[in-house]
>>> print(open('coords-v4.txt').read())   # compact mmCIF, C-alpha atoms and all ligand atoms
# COMPACT_ATOMS: atom_id res chain seq x y z
CA MET A 1 1.21 -50.79 9.83
CA PRO A 2 1.64 -48.31 12.72
CA GLN A 3 -1.25 -48.41 15.18
CA THR A 4 -2.26 -46.41 18.23
CA VAL A 5 -2.09 -48.90 21.08
CA LEU A 6 -3.48 -48.52 24.59
CA VAL A 7 -1.28 -50.41 27.06
CA THR A 8 -2.88 -50.88 30.48
CA GLY A 9 -0.27 -51.60 33.14
CA GLY A 10 2.33 -50.14 30.78
CA ALA A 11 4.59 -49.06 33.66
CA GLY A 12 4.85 -52.62 35.02
CA PHE A 13 7.52 -55.25 34.42
CA ILE A 14 6.24 -56.79 31.18
CA GLY A 15 4.26 -53.70 30.10
CA SER A 16 7.30 -51.40 30.17
CA HIS A 17 9.40 -53.72 27.99
CA THR A 18 6.46 -54.07 25.62
CA CYS A 19 6.07 -50.27 25.34
CA VAL A 20 9.72 -50.07 24.23
CA GLU A 21 9.16 -52.69 21.51
CA LEU A 22 5.97 -50.97 20.30
CA LEU A 23 7.61 -47.53 20.14
CA ARG A 24 10.58 -48.98 18.29
CA ALA A 25 8.22 -50.59 15.78
CA GLY A 26 6.66 -47.18 15.07
CA HIS A 27 3.40 -47.55 17.00
CA GLU A 28 1.89 -44.71 19.03
CA VAL A 29 1.59 -45.83 22.64
CA VAL A 30 -0.90 -44.61 25.24
CA VAL A 31 -0.33 -45.94 28.77
CA LEU A 32 -2.97 -46.33 31.47
CA ASP A 33 -1.57 -47.29 34.87
CA ASP A 34 -2.52 -46.46 38.45
CA HIS A 35 1.06 -47.10 39.64
CA SER A 36 -0.24 -49.40 42.36
CA ASN A 37 2.74 -51.64 41.55
CA SER A 38 5.06 -49.43 39.49
CA SER A 39 6.96 -46.19 39.45
CA PRO A 40 6.31 -43.22 37.12
CA GLU A 41 10.10 -43.15 36.61
CA VAL A 42 9.67 -46.18 34.34
CA LEU A 43 7.83 -44.06 31.77
CA GLU A 44 10.80 -41.75 31.30
CA ARG A 45 13.10 -44.72 30.89
CA ILE A 46 10.85 -46.26 28.24
CA ALA A 47 11.13 -43.06 26.18
CA LYS A 48 14.88 -42.91 26.75
CA ILE A 49 15.48 -46.44 25.43
CA ALA A 50 13.05 -46.10 22.53
CA GLY A 51 14.33 -42.66 21.54
CA ARG A 52 10.76 -41.35 21.27
CA PRO A 53 8.07 -40.42 23.76
CA LEU A 54 4.86 -42.18 24.71
CA ALA A 55 1.84 -40.50 23.10
CA ALA A 56 0.14 -40.05 26.50
CA VAL A 57 -0.01 -41.37 30.03
CA HIS A 58 -3.26 -41.67 31.99
CA VAL A 59 -2.78 -42.33 35.70
CA ALA A 60 -6.02 -44.16 36.47
CA ASP A 61 -7.56 -47.40 37.66
CA VAL A 62 -8.57 -49.69 34.81
CA ARG A 63 -11.93 -50.24 36.52
CA ASP A 64 -12.72 -46.51 36.29
CA ARG A 65 -15.20 -46.21 33.40
CA ARG A 66 -15.00 -42.42 33.27
CA ALA A 67 -11.22 -42.58 32.97
CA LEU A 68 -11.55 -45.21 30.24
CA ASP A 69 -14.06 -43.07 28.35
CA ALA A 70 -11.62 -40.15 28.54
CA VAL A 71 -8.82 -42.34 27.11
CA PHE A 72 -10.95 -43.65 24.23
CA THR A 73 -12.35 -40.22 23.37
CA SER A 74 -8.96 -38.48 23.40
CA HIS A 75 -6.99 -41.01 21.30
CA PRO A 76 -7.86 -42.97 18.13
CA ILE A 77 -7.08 -46.34 19.77
CA ASP A 78 -6.68 -49.23 17.28
CA ALA A 79 -5.79 -51.98 19.75
CA VAL A 80 -5.45 -52.59 23.48
CA ILE A 81 -2.88 -54.66 25.38
CA HIS A 82 -4.22 -55.37 28.85
CA PHE A 83 -1.49 -56.04 31.43
CA ALA A 84 -3.00 -54.20 34.43
CA ALA A 85 -3.73 -56.76 37.13
CA LYS A 86 -2.58 -58.02 40.48
CA LYS A 87 -0.30 -61.06 40.21
CA ALA A 88 0.85 -62.39 43.59
CA VAL A 89 -0.44 -65.92 44.10
CA GLY A 90 -0.01 -65.92 47.90
CA GLU A 91 -1.75 -62.58 48.29
CA SER A 92 -4.61 -63.79 46.11
CA VAL A 93 -5.29 -66.54 48.64
CA ARG A 94 -5.55 -63.94 51.42
CA ILE A 95 -7.65 -61.36 49.54
CA PRO A 96 -9.41 -63.25 46.74
CA LEU A 97 -12.21 -60.73 46.27
CA THR A 98 -9.74 -57.92 45.59
CA TYR A 99 -8.21 -60.14 42.91
CA TYR A 100 -11.61 -60.85 41.33
CA ASP A 101 -12.49 -57.16 41.49
CA ILE A 102 -9.29 -55.88 39.86
CA ASN A 103 -8.44 -58.70 37.48
CA VAL A 104 -11.92 -59.73 36.34
CA GLY A 105 -13.73 -56.42 36.98
CA GLY A 106 -10.88 -54.51 35.32
CA THR A 107 -11.13 -56.70 32.24
CA THR A 108 -14.91 -56.41 31.88
CA ALA A 109 -14.79 -52.62 32.41
CA LEU A 110 -12.11 -52.32 29.75
CA VAL A 111 -13.84 -54.55 27.19
CA SER A 112 -17.16 -52.81 27.66
CA ALA A 113 -15.50 -49.39 27.19
CA MET A 114 -13.72 -50.74 24.08
CA HIS A 115 -17.03 -52.00 22.72
CA GLU A 116 -18.79 -48.67 23.30
CA HIS A 117 -15.99 -46.80 21.58
CA GLY A 118 -15.77 -49.18 18.62
CA VAL A 119 -12.36 -50.69 19.51
CA HIS A 120 -12.21 -54.39 18.69
CA ARG A 121 -8.65 -55.64 19.14
CA LEU A 122 -7.42 -56.91 22.49
CA VAL A 123 -4.29 -58.72 23.63
CA PHE A 124 -4.86 -60.19 27.08
CA SER A 125 -2.17 -61.22 29.63
CA SER A 126 -2.92 -64.75 30.70
CA SER A 127 -0.70 -67.12 32.62
CA CYS A 128 0.65 -70.66 32.68
CA SER A 129 -0.75 -70.80 36.21
CA ILE A 130 -4.17 -71.61 34.71
CA TYR A 131 -2.89 -75.15 33.95
CA GLY A 132 -2.56 -75.89 37.67
CA ASP A 133 -1.03 -79.05 39.06
CA VAL A 134 -0.12 -80.73 35.82
CA THR A 135 0.95 -84.31 35.29
CA THR A 136 2.08 -84.07 31.68
CA VAL A 137 4.56 -81.60 30.21
CA PRO A 138 5.13 -79.85 27.86
CA LEU A 139 1.81 -78.03 28.01
CA THR A 140 -0.06 -77.27 24.83
CA GLU A 141 -2.89 -74.76 24.59
CA GLU A 142 -5.22 -77.78 24.60
CA SER A 143 -3.99 -79.01 27.98
CA PRO A 144 -6.87 -78.74 30.46
CA ALA A 145 -7.12 -75.64 32.65
CA ALA A 146 -7.30 -76.44 36.36
CA PRO A 147 -6.38 -73.32 38.33
CA THR A 148 -5.45 -73.97 41.95
CA ASN A 149 -5.51 -70.46 43.46
CA PRO A 150 -7.64 -67.29 43.13
CA TYR A 151 -5.04 -65.46 41.00
CA ALA A 152 -4.99 -68.26 38.43
CA THR A 153 -8.78 -68.51 38.58
CA THR A 154 -9.11 -64.80 37.74
CA LYS A 155 -7.01 -65.35 34.60
CA TRP A 156 -8.99 -68.43 33.56
CA THR A 157 -12.28 -66.62 34.28
CA CYS A 158 -11.18 -63.71 32.08
CA GLU A 159 -10.27 -66.10 29.26
CA GLN A 160 -13.71 -67.72 29.50
CA ILE A 161 -15.51 -64.36 29.57
CA LEU A 162 -13.50 -63.12 26.58
CA ALA A 163 -14.16 -66.33 24.61
CA ASP A 164 -17.87 -66.02 25.31
CA VAL A 165 -18.02 -62.32 24.40
CA CYS A 166 -16.21 -63.12 21.14
CA ARG A 167 -18.96 -65.62 20.30
CA HIS A 168 -21.53 -62.83 20.51
CA VAL A 169 -19.56 -59.84 19.20
CA PRO A 170 -18.27 -61.01 15.82
CA GLU A 171 -16.03 -58.00 15.18
CA LEU A 172 -14.00 -58.64 18.37
CA ARG A 173 -10.50 -60.12 18.04
CA VAL A 174 -8.82 -61.34 21.21
CA LEU A 175 -5.41 -62.92 21.66
CA ALA A 176 -4.85 -64.44 25.11
CA LEU A 177 -1.14 -64.96 25.69
CA ARG A 178 -0.27 -67.44 28.42
CA TYR A 179 3.16 -66.42 29.68
CA PHE A 180 5.25 -69.01 31.47
CA ASN A 181 7.89 -67.47 33.80
CA PRO A 182 8.99 -64.08 32.43
CA ALA A 183 12.41 -63.13 33.79
CA GLY A 184 15.40 -60.94 32.97
CA ALA A 185 15.45 -57.24 32.22
CA HIS A 186 16.20 -54.79 29.46
CA PRO A 187 19.86 -55.20 28.40
CA THR A 188 20.42 -51.45 28.91
CA GLY A 189 19.87 -51.98 32.65
CA LEU A 190 17.24 -49.23 32.60
CA LEU A 191 14.15 -51.44 32.95
CA GLY A 192 13.68 -54.52 35.08
CA GLU A 193 11.72 -56.21 37.82
CA ASP A 194 11.34 -54.14 40.99
CA PRO A 195 9.02 -55.96 43.39
CA SER A 196 7.96 -54.19 46.56
CA GLY A 197 8.85 -56.01 49.78
CA VAL A 198 10.22 -59.55 49.76
CA PRO A 199 10.19 -60.89 46.19
CA ASN A 200 7.79 -63.76 45.53
CA ASN A 201 9.57 -64.76 42.35
CA ILE A 202 12.93 -66.41 42.27
CA MET A 203 14.89 -64.20 39.84
CA PRO A 204 14.49 -60.93 41.77
CA PHE A 205 15.32 -62.87 44.94
CA LEU A 206 18.60 -64.01 43.36
CA THR A 207 19.53 -60.52 42.18
CA GLN A 208 18.78 -59.09 45.64
CA ILE A 209 21.06 -61.71 47.24
CA ALA A 210 23.83 -60.90 44.77
CA VAL A 211 23.57 -57.17 45.47
CA GLY A 212 23.65 -57.78 49.23
CA ARG A 213 20.03 -57.04 50.14
CA ARG A 214 19.21 -60.64 51.18
CA ASP A 215 21.29 -63.37 52.78
CA GLU A 216 20.28 -66.66 51.21
CA LEU A 217 17.79 -68.36 48.97
CA SER A 218 15.37 -70.88 50.40
CA VAL A 219 15.09 -73.62 47.79
CA PHE A 220 11.47 -74.66 48.17
CA GLY A 221 11.80 -78.45 48.20
CA ASP A 222 14.22 -80.94 46.65
CA ASP A 223 11.91 -83.94 46.69
CA PHE A 224 9.95 -83.22 43.51
CA PRO A 225 9.94 -85.91 40.81
CA THR A 226 12.54 -84.04 38.73
CA PRO A 227 16.18 -85.00 38.00
CA ASP A 228 17.65 -82.90 40.85
CA GLY A 229 14.46 -82.84 42.95
CA THR A 230 13.85 -79.08 42.60
CA GLY A 231 11.04 -77.42 40.67
CA ILE A 232 11.37 -76.97 36.92
CA ARG A 233 10.03 -73.86 35.18
CA ASP A 234 10.07 -72.42 31.68
CA TYR A 235 11.84 -69.08 32.23
CA VAL A 236 11.35 -66.78 29.25
CA HIS A 237 13.20 -63.49 28.71
CA VAL A 238 10.96 -60.47 29.24
CA VAL A 239 12.25 -58.91 25.99
CA ASP A 240 11.18 -62.06 24.11
CA VAL A 241 7.77 -61.72 25.76
CA ALA A 242 7.64 -58.04 24.75
CA GLU A 243 8.53 -58.97 21.16
CA GLY A 244 5.75 -61.55 21.32
CA HIS A 245 3.26 -58.73 21.96
CA ARG A 246 4.57 -56.68 19.06
CA THR A 247 4.22 -59.74 16.84
CA ALA A 248 0.72 -60.40 18.21
CA LEU A 249 -0.42 -56.99 16.99
CA ASP A 250 0.85 -57.81 13.51
CA HIS A 251 -1.35 -60.94 13.50
CA ILE A 252 -4.43 -59.86 15.41
CA ASP A 253 -6.48 -59.45 12.24
CA ASP A 254 -5.49 -62.88 10.86
CA GLU A 255 -8.68 -64.44 12.22
CA PRO A 256 -11.80 -63.25 14.03
CA GLY A 257 -12.71 -64.40 17.52
CA MET A 258 -10.44 -65.48 20.33
CA ARG A 259 -7.17 -67.36 20.05
CA VAL A 260 -4.89 -68.58 22.80
CA PHE A 261 -1.09 -68.95 22.65
CA ASN A 262 1.56 -70.12 25.09
CA LEU A 263 4.61 -67.84 25.34
CA GLY A 264 7.50 -69.93 26.63
CA THR A 265 10.78 -71.36 25.44
CA GLY A 266 9.90 -75.05 25.63
CA ARG A 267 12.99 -75.58 27.80
CA GLY A 268 12.71 -76.10 31.54
CA ALA A 269 15.32 -75.20 34.16
CA SER A 270 15.40 -76.44 37.74
CA VAL A 271 15.89 -74.15 40.73
CA LEU A 272 19.43 -75.47 41.21
CA GLU A 273 20.27 -75.01 37.54
CA LEU A 274 19.04 -71.42 37.72
CA VAL A 275 21.06 -70.77 40.89
CA ARG A 276 24.19 -72.21 39.22
CA THR A 277 23.69 -70.20 36.04
CA PHE A 278 23.06 -66.99 37.95
CA ALA A 279 26.16 -67.48 40.13
CA GLU A 280 28.30 -68.15 37.05
CA VAL A 281 27.01 -65.20 35.08
CA SER A 282 27.13 -62.71 37.95
CA GLY A 283 30.32 -64.00 39.56
CA GLN A 284 28.54 -63.73 42.92
CA PRO A 285 28.11 -66.59 45.37
CA ILE A 286 24.44 -67.49 45.97
CA PRO A 287 24.09 -69.05 49.42
CA HIS A 288 21.10 -71.39 49.37
CA ARG A 289 19.46 -73.89 51.65
CA VAL A 290 16.76 -76.45 50.95
CA THR A 291 13.57 -75.82 52.92
CA GLU A 292 10.00 -77.10 52.87
CA ARG A 293 8.04 -77.01 49.66
CA ARG A 294 6.02 -73.81 49.16
CA PRO A 295 2.32 -74.70 49.38
CA GLY A 296 0.77 -74.97 45.93
CA ASP A 297 4.07 -75.31 44.02
CA VAL A 298 4.09 -77.91 41.25
CA ALA A 299 7.03 -80.01 40.08
CA GLU A 300 7.25 -78.88 36.48
CA LEU A 301 5.68 -76.32 34.15
CA VAL A 302 7.09 -76.17 30.63
CA ALA A 303 5.44 -74.79 27.51
CA ASP A 304 5.00 -76.48 24.20
CA PRO A 305 5.63 -73.33 22.12
CA THR A 306 4.99 -74.85 18.69
CA LYS A 307 1.59 -73.21 18.10
CA VAL A 308 2.91 -69.66 18.29
CA ALA A 309 6.04 -70.61 16.32
CA SER A 310 4.03 -71.95 13.43
CA ALA A 311 1.35 -69.22 13.51
CA TRP A 312 3.61 -66.17 13.86
CA ASN A 313 7.15 -67.47 13.56
CA TRP A 314 7.78 -66.25 17.12
CA THR A 315 10.27 -68.14 19.22
CA ALA A 316 12.12 -67.09 22.34
CA ARG A 317 15.66 -66.18 21.27
CA ARG A 318 17.36 -65.43 24.60
CA ASP A 319 18.61 -68.14 26.96
CA LEU A 320 18.75 -68.55 30.73
CA ALA A 321 22.23 -67.00 30.92
CA ALA A 322 20.96 -63.88 29.12
CA MET A 323 18.05 -63.63 31.57
CA CYS A 324 20.47 -63.86 34.51
CA ARG A 325 22.94 -61.41 33.00
CA ASP A 326 20.30 -58.78 32.19
CA ALA A 327 18.50 -59.13 35.55
CA TRP A 328 21.86 -58.76 37.29
CA THR A 329 22.80 -55.67 35.24
CA PHE A 330 19.48 -54.04 36.17
CA GLN A 331 19.97 -54.82 39.86
CA GLN A 332 23.56 -53.54 39.86
CA GLN A 333 22.56 -50.29 38.18
CA ASN A 334 19.46 -49.95 40.38
CA PRO A 335 20.29 -51.63 43.71
CA TYR A 336 17.04 -50.36 45.23
CA GLY A 337 15.01 -50.59 42.06
CA TYR A 338 13.33 -47.40 40.88
CA ALA A 339 13.37 -45.83 44.34
CA PRO A 340 15.40 -42.61 44.30
P1 LIG A 401 3.39 -55.74 37.22
O1 LIG A 401 2.73 -55.71 38.56
O2 LIG A 401 4.83 -55.38 37.14
O3 LIG A 401 2.60 -54.79 36.22
C1 LIG A 401 1.22 -54.54 36.34
C2 LIG A 401 1.00 -53.04 36.16
O4 LIG A 401 -0.41 -52.79 36.25
C3 LIG A 401 1.68 -52.21 37.25
O5 LIG A 401 2.32 -51.10 36.66
C4 LIG A 401 0.51 -51.75 38.13
O6 LIG A 401 0.75 -50.48 38.72
C5 LIG A 401 -0.63 -51.72 37.13
N1 LIG A 401 -1.95 -51.94 37.73
C6 LIG A 401 -2.30 -52.88 38.64
N2 LIG A 401 -3.60 -52.77 38.95
C7 LIG A 401 -4.07 -51.73 38.21
C8 LIG A 401 -5.36 -51.12 38.10
N3 LIG A 401 -6.41 -51.55 38.81
N4 LIG A 401 -5.49 -50.09 37.25
C9 LIG A 401 -4.44 -49.64 36.53
N5 LIG A 401 -3.21 -50.17 36.60
C10 LIG A 401 -3.03 -51.21 37.44
O7 LIG A 401 3.14 -57.18 36.60
P2 LIG A 401 3.79 -57.87 35.33
O8 LIG A 401 4.71 -58.93 35.80
O9 LIG A 401 4.26 -56.86 34.37
O10 LIG A 401 2.52 -58.62 34.76
C11 LIG A 401 1.72 -58.05 33.73
C12 LIG A 401 0.56 -58.98 33.42
O11 LIG A 401 1.04 -60.25 33.06
C13 LIG A 401 -0.39 -59.21 34.61
O12 LIG A 401 -1.69 -59.28 34.09
C14 LIG A 401 0.05 -60.55 35.14
O13 LIG A 401 -1.00 -61.22 35.78
C15 LIG A 401 0.45 -61.26 33.85
N6 LIG A 401 1.44 -62.32 34.04
C16 LIG A 401 2.61 -62.05 34.67
C17 LIG A 401 3.54 -63.07 34.86
C18 LIG A 401 4.82 -62.82 35.60
O14 LIG A 401 5.42 -63.80 36.09
N7 LIG A 401 5.31 -61.60 35.71
C19 LIG A 401 3.28 -64.36 34.37
C20 LIG A 401 2.07 -64.59 33.72
C21 LIG A 401 1.16 -63.56 33.55
C1 LIG A 402 9.94 -70.48 40.43
C2 LIG A 402 10.59 -71.71 41.07
C3 LIG A 402 9.73 -72.20 43.26
C4 LIG A 402 11.27 -68.56 45.14
C5 LIG A 402 4.75 -67.58 39.47
C6 LIG A 402 3.25 -67.55 39.51
C7 LIG A 402 2.70 -67.83 38.13
C8 LIG A 402 3.32 -66.90 37.10
C9 LIG A 402 4.80 -66.96 37.14
C10 LIG A 402 1.93 -64.94 36.95
C11 LIG A 402 9.59 -72.60 41.80
C12 LIG A 402 11.19 -71.82 43.34
C13 LIG A 402 10.95 -69.56 44.25
C14 LIG A 402 12.17 -68.87 46.21
C15 LIG A 402 12.39 -71.10 45.35
N1 LIG A 402 2.97 -65.53 37.35
N2 LIG A 402 11.50 -70.80 44.34
N3 LIG A 402 12.70 -70.12 46.26
O1 LIG A 402 5.76 -70.01 41.26
O2 LIG A 402 6.63 -70.81 39.01
O3 LIG A 402 5.18 -68.87 39.11
O4 LIG A 402 5.24 -66.68 38.49
O5 LIG A 402 1.07 -65.36 36.24
O6 LIG A 402 1.35 -67.64 38.22
O7 LIG A 402 2.81 -68.55 40.41
O8 LIG A 402 7.47 -68.64 39.97
O9 LIG A 402 9.54 -67.45 40.54
O10 LIG A 402 7.86 -67.91 42.37
O11 LIG A 402 9.16 -69.80 41.42
O12 LIG A 402 12.90 -72.21 45.46
O13 LIG A 402 12.48 -68.03 47.07
O14 LIG A 402 11.50 -71.26 42.07
O15 LIG A 402 9.43 -73.24 44.15
O16 LIG A 402 10.02 -73.93 41.60
P1 LIG A 402 6.24 -69.70 39.91
P2 LIG A 402 8.51 -68.34 41.12
>>> encode(input="coords-v4.txt", output="structure tokens", more="lines below")
Ligand code: NAD
Ligand code: WQD
Amino acid sequence: MPQTVLVTGGAGFIGSHTCVELLRAGHEVVVLDDHSNSSPEVLERIAKIAGRPLAAVHVADVRDRRALDAVFTSHPIDAVIHFAAKKAVGESVRIPLTYYDINVGGTTALVSAMHEHGVHRLVFSSSCSIYGDVTTVPLTEESPAAPTNPYATTKWTCEQILADVCRHVPELRVLALRYFNPAGAHPTGLLGEDPSGVPNNIMPFLTQIAVGRRDELSVFGDDFPTPDGTGIRDYVHVVDVAEGHRTALDHIDDEPGMRVFNLGTGRGASVLELVRTFAEVSGQPIPHRVTERRPGDVAELVADPTKVASAWNWTARRDLAAMCRDAWTFQQQNPYGYAP
């Protein structure tokens, strides 16, 4: 049934792809974003792909209670998807309190505004980073959380707060989705990942090499206990992740309280496998050189995605080649991202 959905961080990488899926499914979509890590241009592109406009856009900080009150009083919000957060692990080590303020404070401000305005459905962006330095893969939702940096701790703290609030507010329904490594772009080439400065994540680094903005990839370590010695991750197409959110809304009333789901493919790829696939798909050489390990990196993070498959029949449908192809299309069509 069509709902009116508030999407915080709706102009960001995952949020923008999710807005497209929601609009296409017939939902009304209200975006709240302060554009601290996104361009307003994205909002026009969302409407262009979906063939229909967003219901409204509020340019505001998710911690701003007055702005939240204005959103909830001006729209009959049925459900909230909360993407707005800061996400750079390295930066979180340098400025942890800013991360706690925005990621945890933003979540508590939002949930308390929801509560006051009688809104009881929330989909929360969590992360595989909460599992920390794991010894056993694949990771199920029951695998212990052991975050190793402030960013991951903010996500785990939010999950714990939301679980506790659900125990005391019986009408609340929360789905925490733990994404593994979202990558790729919209196949139209209109939406994609546009990090400011030097990319932290590997896929935008590869696309920037291929388009000539960077010279070579540093492969962070080849002495991990993996078949080729490089780190293994569960890359999952951002459109699959977006579809996961649309599906989540269809199931949010299945059960009261809080539920947690991994969103991943269940298939890991090493850094060298990703480099090879990207070079093949793009036809561009990817110069790369093995360097020191990046502090905090773990050998292998792969999801066990069976819980979400059996609960909602959601599985990731797009493979690593599709992620590379779509990320490359976006970068070719937007060599400098959304900048004019
Ligand atoms: P993103 O930075 O592209 O998007 C976040 C959006 O939120 C941006 O548009 C930004 O402007 C906005 N925002 C940030 N702080 C805000 C604030 N205080 N008020 C209002 N808006 C604010 O990030 P993304 O990759 O789309 O990630 C979305 C969510 O998913 C985040 O919560 C992130 O922690 C989580 N996540 C991301 C990944 C990943 O690898 N991309 C993996 C796991 C979890
Ligand atoms: C992937 C692999 C690197 C860059 C991060 C966050 C995590 C989650 C997903 C938000 C690793 C290697 C990378 C480079 C490299 N985000 N690499 N050279 O670190 O798995 O996860 O994004 O929740 O919290 O930590 O992703 O893309 O940075 O790295 O060799 O220049 O690529 O060592 O094995 P990561 P990533």
>>> residues_near_ligand(input="coords-v4.txt", ligand="ligand LIG 402 (chain A)", cutoff="6 Å", atoms="only C-alpha atoms and all ligand atoms", output="list in words")
Lys87, Val89, Ser127, Ser129, Asn181, Asn200, Asn201, Ile202, Leu217, Ser218, Val219, Phe220, Gly231, Ile232, Arg233, Val271 and Asp297 of chain A
>>> residues_near_ligand(input="coords-v4.txt", ligand="ligand LIG 401 (chain A)", cutoff="8 Å", atoms="only C-alpha atoms and all ligand atoms", output="JSON, numbers by chain")
{"A": [8, 9, 10, 11, 12, 13, 14, 15, 16, 32, 33, 34, 35, 36, 37, 38, 39, 59, 60, 61, 62, 63, 82, 83, 84, 85, 86, 87, 102, 103, 106, 124, 125, 126, 127, 128, 129, 151, 155, 178, 179, 180, 181, 182, 183, 193, 194, 195, 201]}
>>> closest_residue(input="coords-v4.txt", among="A:Phe205, A:Tyr235, A:Tyr131, A:Phe278", to="Leu263 of chain A", atoms="only C-alpha atoms")
A:Tyr235
>>> closest_residue(input="coords-v4.txt", among="A:Leu320, A:Val169, A:Leu54, A:Leu272", to="Val236 of chain A", atoms="only C-alpha atoms")
A:Leu320
>>> residues_near_point(input="coords-v4.txt", point="(14.5, -49.5, 34.8)", cutoff="9 Å", atoms="all atoms listed in the file", output="list in words")
Ser16, Glu41, Val42, Arg45, Ile46, Ala185, His186, Thr188, Gly189, Leu190, Leu191, Gly192, Glu193, Asp194, Phe330, Gln333, Asn334, Gly337 and Tyr338 of chain A
>>> atom_distance(input="coords-v4.txt", atom1="atom CA of Met1 of chain A", atom2="atom CA of Asp164 of chain A")
28.9 Å
>>> closest_residue(input="coords-v4.txt", among="A:Leu172, A:Ala152, A:Leu139, A:Ala327", to="Gly264 of chain A", atoms="only C-alpha atoms")
A:Leu139
>>> residues_around(input="coords-v4.txt", residues="Glu243 of chain A", least_positions_apart="3", cutoff="10 Å", atoms="only C-alpha atoms", output="count of residues only")
17
>>> closest_residue(input="coords-v4.txt", among="A:Glu292, A:Asp133, A:His168, A:Val111", to="Pro147 of chain A", atoms="all atoms listed in the file")
A:Asp133
>>> axis_aligned_box(input="coords-v4.txt", around="segment 165-177 of chain A", padding_each_side="8 Å", output="JSON")
{"center_x": -11.3, "center_y": -61.8, "center_z": 20.4, "size_x": 36.4, "size_y": 23.6, "size_z": 26.5}
>>> closest_residue(input="coords-v4.txt", among="A:Gln160, A:Leu206, A:Asp250, A:Trp312", to="Arg276 of chain A", atoms="only C-alpha atoms")
A:Leu206
>>> residues_near_point(input="coords-v4.txt", point="(21.6, -62.9, 43.8)", cutoff="8 Å", atoms="all atoms listed in the file", output="list in words")
Met203, Pro204, Phe205, Leu206, Thr207, Gln208, Ile209, Ala210, Val211, Gly212, Phe278, Ala279, Gln284, Pro285, Ile286 and Trp328 of chain A
>>> closest_residue(input="coords-v4.txt", among="A:Thr291, A:Thr4, A:Gln332, A:Thr140", to="Asn262 of chain A", atoms="only C-alpha atoms")
A:Thr140
>>> atom_distance(input="coords-v4.txt", atom1="atom CA of Ile77 of chain A", atom2="atom CA of Pro170 of chain A")
18.9 Å
>>> residues_around(input="coords-v4.txt", residues="Ile252 of chain A", least_positions_apart="6", cutoff="12 Å", atoms="only C-alpha atoms", output="PyMOL selection string")
chain A and resi 3+78-81+120-124+171-177+244-246+258-260+311-312
>>> atom_distance(input="coords-v4.txt", atom1="atom CA of Ile161 of chain A", atom2="atom CA of Tyr100 of chain A")
12.9 Å
>>> closest_atom_pairs(input="coords-v4.txt", of="segment 13-98 of chain A", to="segment 112-119 of chain A", cutoff="10 Å", atoms="all atoms listed in the file", output="Markdown table")
| residue | atom | partner | partner_atom | distance |
| --- | --- | --- | --- | --- |
| A:Asp64 | CA | A:Ala113 | CA | 9.9 |
| A:Arg65 | CA | A:Ala113 | CA | 7.0 |
| A:Arg66 | CA | A:Ala113 | CA | 9.3 |
| A:Ala67 | CA | A:Ala113 | CA | 9.9 |
| A:Leu68 | CA | A:Ala113 | CA | 6.5 |
| A:Asp69 | CA | A:Ala113 | CA | 6.6 |
| A:Val71 | CA | A:Ala113 | CA | 9.7 |
| A:Phe72 | CA | A:His117 | CA | 6.5 |
| A:Thr73 | CA | A:His117 | CA | 7.7 |
| A:Pro76 | CA | A:Val119 | CA | 9.0 |
| A:Ile77 | CA | A:Val119 | CA | 6.8 |
| A:Asp78 | CA | A:Val119 | CA | 6.3 |
| A:Ala79 | CA | A:Val119 | CA | 6.7 |
| A:Val80 | CA | A:Val119 | CA | 8.2 |
